[in-house]
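Notes to accompany the following structure.
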Amino acid sequence: MEYQQNLDTTSRGQRLINWIDERYRMRELMGAMLHVYIPKESKTYYLGGITLLLFLVQVVTGSLLALYYRGTPDEAYDSVMFITSTVQFGWLIRSIHAWGANLMVIFCIIHLLRVFFQAAYKAPRELTWGVGVALLLVTMGFGFTGYLLPWDQRAYWATTVGSEMAGAVPIGGEFLLRFLRGGETIAAATLSRFYGIHTLILPMTIAALIGIHLLLIHQQGLANPRQPAKTAPEGNLPKKGKPFFPNYVLGEVVSWYMIIGLLIILASLFPVGLEAKANPLETPPHVKPEWYFLSLYQILKFVPRVMGVLLPMVAILMLFLLPFIDRNPEVLPRKRPAMVTLGIMALIVIIAFTVWGKIS
Amino acid sequence: MRTNKIDARIVFGIISVLIVLLSLVMITSAQSSASGEATPAPKATATAGKIKHGTIGFSNCLKCHLDGFREAPIMPGDDHATYNDNDVCLDCHEPNTPEDGTVWKNLLPGSTPVPIQHPASNGLNTCYDCHLELGDQLTDIAQMWIESVHGKAGIGCADCHGGDPNTDEMKLAMQTESGYIGVPPRLVTPQICGGCHSDVERMRSYKLPTDQYAKYTQSVHGKKLRQNNDTRVAICTDCHGSHNVKKGSDSTAPIYPVNVPELCAGCHADTTLMESYGIPTNQYEVYKSSVHGKLLLEEQDVRAPTCASCHGSHDAKPPTSDEVVNVCGKCHTATEDLYGQSLHSRIGDNAPKCWTCHGTHDVFKTGEEMFMNHKPQEDKACTSCHLDNKSFRMDKARFAQKEDRRCDTCHHEGSRIMRQVTGIYVALNDANTVYEETESAIKKASALGMIVTDAEIKLREARTSLISARAAVHTTKLPVVTKFTDEVETSAEVAKTIADGKLQENFFRRFSMIIAVVIIIVIIITLSYLKRKIDRELEKES
Ligand code: HEM
């Protein structure tokens, strides 16, 4: 009887929502998710959200590509060629996927820098930060495995030199190299392995990690870049401030539209091409890995192999442990000059080596 | 009287002792020469003429042969300069027998060359051991030799210079009885090299040819050396080096293809040297800027022809007009076949050959200017192009300048042949234009990021046909040329359609992009406006 009453008093849409809500109490959940507040001082520049959007774009475009792509050396190249030149808007989907991958890495890094310079990684957000570092690694893993799939010369040789870096890892490096390649060289086994990792293992991992990342953020609310955080359970969930919905979300949506516009422009003006089909017998003159591995690649040219591999491994470990190493509770840059200088210096070194790797 | 008798006895005694001593000396010396297992060919026995040369030996010979006393032939200084302290004349010269007195036994140019006779080495090379220690040039020579092909193959000093490589007594090692000849004179060097190099048995294990000596004797160089005793011509060592002979595949060897033009130019660009032969000296300069020269010297492409590719090496001589087609055809086989179908080739000796249109040392990149120069032509007579003599061959001078190598240099304006030439010219020109237009359309589409692989495949087909069409000019037949130019146009058209399609698609892409971006901008502006509004409301509230 009650049910029918509802039907009479409200509009159709409302009625449907009500119908669901009466059964599953969705309003409560949505309210808990959306009607939260963020500190007025927060400045996220929507970077994490943009990274999230790019991930979603990758999921959509990637799924479409998977409809046509074939993961064997004999067919991979031709199927990519088919997608690019014959499939309706195949070129657009593929170009957006390629550009989206690059932008995702870029925004992931800028997001990390935002968090670092605003000291948002500090207690109580150690785990959010740690999951974030894992997200960056997985994102780069996506790039690395995806780059091989077109099976053209650039793909083949960039992966050859890229996976060689793994071989330099002390103890187990040889194993890692063989594990990555599925054999001694890049071949059919490598391609199917990379395809599997790229479209099954990594998406599941990143989805889980993003879920955890967002859950943790939701539980704590955003950090205040002006005041040191309080660890007390309630202290961080402000009841006042800027409403997450609709104010923050609207800004987020605007930023998303901008990124979508950027993606369309990039994909239309600079569509991804395809070089000659991979030829293991013919090494092209300038073999380089992708840009986000370039700094490492360049460093490896100068320091002993073991050093060159240990260095980034130690750096990643330090990055994970950063909130535990840097126990200074201050958040304002002028109150933590050592950390800020260290961050800027590391950034300069990485950019310098990347640029050097690019021009050499 | 007694004293006289005693005196006579003493004199007799002295004389007989002397005679005994003398005969002893003679016996021992005879024995020593007989015991040498491989001395040079037996010395000349006395002949009637030898009487005149009663006193023999270097210093005696020189009395007459140095300055031509009593019309004696003068000893050539440059070849014999090293023989100054040894009685070596008779090792090679037989007094009186030959009219000019410059004959080397066994080493006479043209006779079958035999290796120098000397005591066989029992694993030693004392020459090398000593010379290595002597310093300066002598050490250098020793070091060069050990690095050379001969050094590595165990071909020792004595094999070219004679002498005994087993003894460390310099006098014994370098005595004429051991076959020592010192620096081989230029005149006989080919004989010495040929001694081993024309021996099939000896060369077998090195997989080397053995016809070089035979070829050399037939070459311009070899003939001059042999017939005129002209030692200024190239001999083996001038090109291969002496102590430092290297393999031809060694890029530092003077006979490595890339180094050959400079090697030949060493003599042939020398105006004073070439003056007496009356041959030009600018070939190297001209060759350097030719297509062949650029390919070889600038791009180091060893497939390009060197001097030797056309002139031969050991058998060097200028190819005659009739040989030219074969010489060029060694590499340009397909073109040779096409030329074979032409009327030109059927006329024979007096017809235009490769060189008539392409030149010799100055082969240039071909172009359409080779058909005609679009200027009013002067009247032509037979001798405009042919030599005014019985041979009636093509006149080289007429085609010396690149600009004069055209079809209408010989063919009359308005003639049936010239009409055919014009047809070929137009067909090629049209095909070329179509090809270039297509190429630029594809390049444009590719620069815009479009994938043009399918168009490029077709363009490559067009290119193959275009090359065939150009080559077909050698047949001088219009239908053969147009068959290929038609192919060019068909393939290029397909490629052009694909490329134009891509260009059109790119335009569509950009156009749609602009529309999408405009829509997005509108959305962004609206949402930003909305956001500002609710943000302001929020501020008012608090
Ligand atoms: C696929 C990659 C990632 C996605 C989708 C993602 C997503 C997000 C989102 C949506 C937020 C909310 C605030 C904002 O938008 O900035 C956020 C916050 C945060 N992210 Fe990420 N993130 C990613 C990678 C990372 C990385 C690489 C790090 C650091 C190593 C990181 C550390 C954090 C931290 C500590 C916060 C809390 C910031 C605060 O409270 O102000 N995240 N992330």
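Here's how to read the names in the structure tokens: chain A, B, ... by the order shown, residue numbers from 1 in each chain, ligand numbers from 1 in the order shown.
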> If we count only C-alpha atoms, what is near Ile106 (chain A) at a cut-off of 9 Å, once residues fewer than 5 positions away on the same chain are taken out, given as number ranges by chain?
Replying inline: A: 51, 101, 111, 292
> Counting only C-alpha atoms and all ligand atoms, which protein, DNA or RNA residues come within 6 Å of ligand 1, given as a list in words?
Replying inline: Thr44, Tyr46, Leu47, Gly48, Gly49, Thr51, Leu52, Cys108, Leu112, Val115, Ala120, Tyr121, Arg125, Thr128, Trp129, Gly132, Val133, Leu135, Leu136, Ile210, Ile217, Leu222 and Ala223 of chain A
>> Taking only C-alpha atoms into account, find every residue of chain A that has an atom no more than 7 Å from chain B, and write it out as a PyMOL selection string.
In response: chain A and resi 85+247+250-251+254+257+261+264-265+268+270-271+273
Can I get the selection written as a PDB file, in the first residue's frame, with N, CA and C atoms?
```pdb
ATOM      1  N   SER A  85      43.924   2.607 -40.278  1.00  0.00           N
ATOM      2  CA  SER A  85      43.591   3.102 -41.613  1.00  0.00           C
ATOM      3  C   SER A  85      42.209   2.683 -42.109  1.00  0.00           C
ATOM      4  N   ASN A 247      30.032  21.962  -5.417  1.00  0.00           N
ATOM      5  CA  ASN A 247      31.068  22.945  -5.749  1.00  0.00           C
ATOM      6  C   ASN A 247      32.351  22.332  -6.315  1.00  0.00           C
ATOM      7  N   LEU A 250      31.916  20.243  -9.552  1.00  0.00           N
ATOM      8  CA  LEU A 250      31.713  21.053 -10.751  1.00  0.00           C
ATOM      9  C   LEU A 250      33.056  21.511 -11.323  1.00  0.00           C
ATOM     10  N   GLY A 251      33.925  21.941 -10.431  1.00  0.00           N
ATOM     11  CA  GLY A 251      35.278  22.340 -10.876  1.00  0.00           C
ATOM     12  C   GLY A 251      35.991  21.159 -11.527  1.00  0.00           C
ATOM     13  N   VAL A 254      34.720  20.639 -14.989  1.00  0.00           N
ATOM     14  CA  VAL A 254      35.294  21.622 -15.918  1.00  0.00           C
ATOM     15  C   VAL A 254      36.695  21.181 -16.345  1.00  0.00           C
ATOM     16  N   TYR A 257      36.536  18.391 -18.857  1.00  0.00           N
ATOM     17  CA  TYR A 257      36.230  18.845 -20.225  1.00  0.00           C
ATOM     18  C   TYR A 257      37.462  19.424 -20.904  1.00  0.00           C
ATOM     19  N   GLY A 261      39.062  18.065 -24.291  1.00  0.00           N
ATOM     20  CA  GLY A 261      39.360  18.951 -25.421  1.00  0.00           C
ATOM     21  C   GLY A 261      40.808  18.811 -25.854  1.00  0.00           C
ATOM     22  N   ILE A 264      41.365  15.616 -27.736  1.00  0.00           N
ATOM     23  CA  ILE A 264      40.846  15.642 -29.106  1.00  0.00           C
ATOM     24  C   ILE A 264      41.775  16.429 -30.015  1.00  0.00           C
ATOM     25  N   ILE A 265      42.265  17.565 -29.500  1.00  0.00           N
ATOM     26  CA  ILE A 265      43.170  18.378 -30.321  1.00  0.00           C
ATOM     27  C   ILE A 265      44.454  17.602 -30.627  1.00  0.00           C
ATOM     28  N   SER A 268      43.887  14.724 -33.057  1.00  0.00           N
ATOM     29  CA  SER A 268      43.580  15.113 -34.437  1.00  0.00           C
ATOM     30  C   SER A 268      44.789  15.715 -35.139  1.00  0.00           C
ATOM     31  N   PHE A 270      48.055  15.474 -34.119  1.00  0.00           N
ATOM     32  CA  PHE A 270      49.240  14.597 -34.098  1.00  0.00           C
ATOM     33  C   PHE A 270      48.828  13.149 -33.897  1.00  0.00           C
ATOM     34  N   PRO A 271      48.143  12.568 -34.883  1.00  0.00           N
ATOM     35  CA  PRO A 271      47.732  11.174 -34.712  1.00  0.00           C
ATOM     36  C   PRO A 271      48.959  10.271 -34.621  1.00  0.00           C
ATOM     37  N   GLY A 273      51.431   7.390 -35.459  1.00  0.00           N
ATOM     38  CA  GLY A 273      51.741   6.710 -36.716  1.00  0.00           C
ATOM     39  C   GLY A 273      52.109   5.269 -36.454  1.00  0.00           C
TER      40      GLY A 273
END
```
> Can you tell me how far CA of Pro165 (chain B) sits from CA of His131 (chain B), in Å to one decimal?
Replying inline: 12.0 Å
> What's the 12 Å shell around Asn282 (chain B), counting only C-alpha atoms, without same-chain residues fewer than 4 positions away, as a ChimeraX atom specification?
Replying inline: /B:261,264-271,274,286-289,361-362
N, CA, C and O atoms of the current selection, written as a tab-separated table (two decimals), in the first residue's frame:
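Below is the file that was written, selection-v2.tsv:
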```tsv
chain	number	residue	atom	x	y	z
B	261	PRO	N	91.87	5.23	-58.07
B	261	PRO	CA	91.98	6.39	-58.93
B	261	PRO	C	93.20	7.26	-58.57
B	261	PRO	O	93.92	7.74	-59.44
B	264	CYS	N	96.46	5.53	-59.83
B	264	CYS	CA	96.71	5.70	-61.25
B	264	CYS	C	97.13	7.15	-61.53
B	264	CYS	O	98.04	7.42	-62.31
B	265	ALA	N	96.41	8.08	-60.82
B	265	ALA	CA	96.70	9.49	-61.04
B	265	ALA	C	98.12	9.84	-60.65
B	265	ALA	O	98.70	10.80	-61.15
B	266	GLY	N	98.69	9.05	-59.73
B	266	GLY	CA	100.06	9.28	-59.30
B	266	GLY	C	100.98	9.48	-60.49
B	266	GLY	O	101.86	10.34	-60.47
B	267	CYS	N	100.78	8.69	-61.54
B	267	CYS	CA	101.57	8.87	-62.76
B	267	CYS	C	100.78	9.64	-63.82
B	267	CYS	O	101.31	10.56	-64.44
B	268	HIS	N	99.50	9.26	-63.98
B	268	HIS	CA	98.77	9.78	-65.14
B	268	HIS	C	98.35	11.23	-65.01
B	268	HIS	O	97.92	11.82	-65.99
B	269	ALA	N	98.46	11.79	-63.81
B	269	ALA	CA	98.15	13.21	-63.68
B	269	ALA	C	99.44	14.03	-63.67
B	269	ALA	O	99.43	15.24	-63.49
B	270	ASP	N	100.57	13.34	-63.87
B	270	ASP	CA	101.88	14.00	-63.85
B	270	ASP	C	102.20	14.50	-65.26
B	270	ASP	O	102.54	13.71	-66.16
B	271	THR	N	102.07	15.80	-65.45
B	271	THR	CA	102.19	16.35	-66.80
B	271	THR	C	103.57	16.11	-67.41
B	271	THR	O	103.68	15.78	-68.59
B	274	MET	N	103.82	12.44	-68.46
B	274	MET	CA	102.94	12.03	-69.55
B	274	MET	C	103.25	12.74	-70.86
B	274	MET	O	102.78	12.32	-71.92
B	286	VAL	N	88.59	14.93	-63.84
B	286	VAL	CA	87.28	14.78	-64.48
B	286	VAL	C	86.50	13.65	-63.82
B	286	VAL	O	85.33	13.80	-63.48
B	287	TYR	N	87.19	12.55	-63.59
B	287	TYR	CA	86.54	11.37	-62.98
B	287	TYR	C	85.98	11.69	-61.60
B	287	TYR	O	84.89	11.26	-61.24
B	288	LYS	N	86.74	12.49	-60.84
B	288	LYS	CA	86.33	12.81	-59.47
B	288	LYS	C	84.93	13.38	-59.39
B	288	LYS	O	84.19	13.12	-58.44
B	289	SER	N	84.57	14.21	-60.40
B	289	SER	CA	83.24	14.82	-60.30
B	289	SER	C	82.20	14.07	-61.14
B	289	SER	O	81.06	14.51	-61.27
B	361	HIS	N	85.35	9.48	-68.89
B	361	HIS	CA	85.69	9.73	-67.47
B	361	HIS	C	84.67	10.63	-66.81
B	361	HIS	O	84.56	10.65	-65.60
B	362	ASP	N	83.93	11.40	-67.59
B	362	ASP	CA	83.02	12.39	-67.03
B	362	ASP	C	81.56	11.96	-67.11
B	362	ASP	O	80.70	12.78	-67.42
```
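What separates CA of Met204 (chain A) from CA of Thr139 (chain A) is a distance of 12.1 Å.
Closest approach to Leu148 (chain A) from the set A:Ala166, A:Val306, A:Val105, A:Ile186 is made by A:Ile186, with distances taken over only C-alpha atoms.
Shortest atom-to-atom contact with His197 (chain B) among B:Leu273, B:Ala441, B:Ile424, B:Ile155: B:Ile155, counting only C-alpha atoms.
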> How would you write, as a PyMOL selection string, the set of residues in region 210-456 of chain B that DSSP gives as helix (DSSP H, G or I)?
Replying inline: chain B and resi 212-218+220-228+236-240+257-268+271-275+283-288+291-298+307-311+324-329+333-340+343-347+354-358+368-370+382-384+396-399+402-404+407-410+416-447+453-456
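Going from CA of Val36 (chain A) over to CA of Lys242 (chain A), you cover 8.5 Å.
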> Near Ile442 (chain B), within 9 Å and counting only C-alpha atoms, which residues show up once chain neighbours fewer than 2 positions away are dropped, as a PyMOL selection string?
Replying inline: chain B and resi 437-440+444-447+452+455-456+459+495-496+498-500+502-503
Selected residues, C-alpha atoms, written as a tab-separated table (two decimals), in the first residue's frame, please.
```tsv
chain	number	residue	atom	x	y	z
B	437	GLU	CA	52.77	15.34	-58.27
B	438	THR	CA	51.78	12.05	-56.71
B	439	GLU	CA	54.90	11.97	-54.60
B	440	SER	CA	54.26	15.42	-53.20
B	444	LYS	CA	51.83	16.14	-47.70
B	445	ALA	CA	49.41	13.54	-46.35
B	446	SER	CA	52.21	11.81	-44.49
B	447	ALA	CA	53.37	15.10	-42.94
B	452	VAL	CA	50.03	6.36	-46.43
B	455	ALA	CA	49.80	4.85	-51.49
B	456	GLU	CA	53.55	4.45	-51.07
B	459	LEU	CA	54.16	4.97	-55.85
B	495	ALA	CA	48.45	6.30	-55.54
B	496	LYS	CA	47.26	9.86	-56.09
B	498	ILE	CA	44.59	7.25	-52.21
B	499	ALA	CA	46.68	10.25	-51.15
B	500	ASP	CA	43.98	12.74	-52.10
B	502	LYS	CA	43.78	10.90	-47.09
B	503	LEU	CA	44.13	14.64	-47.51
```
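Using only C-alpha atoms, the shortest contact distance between Val363 (chain B) and any of B:Val291, B:Arg202, B:Thr335, B:Thr320 is found at B:Val291.
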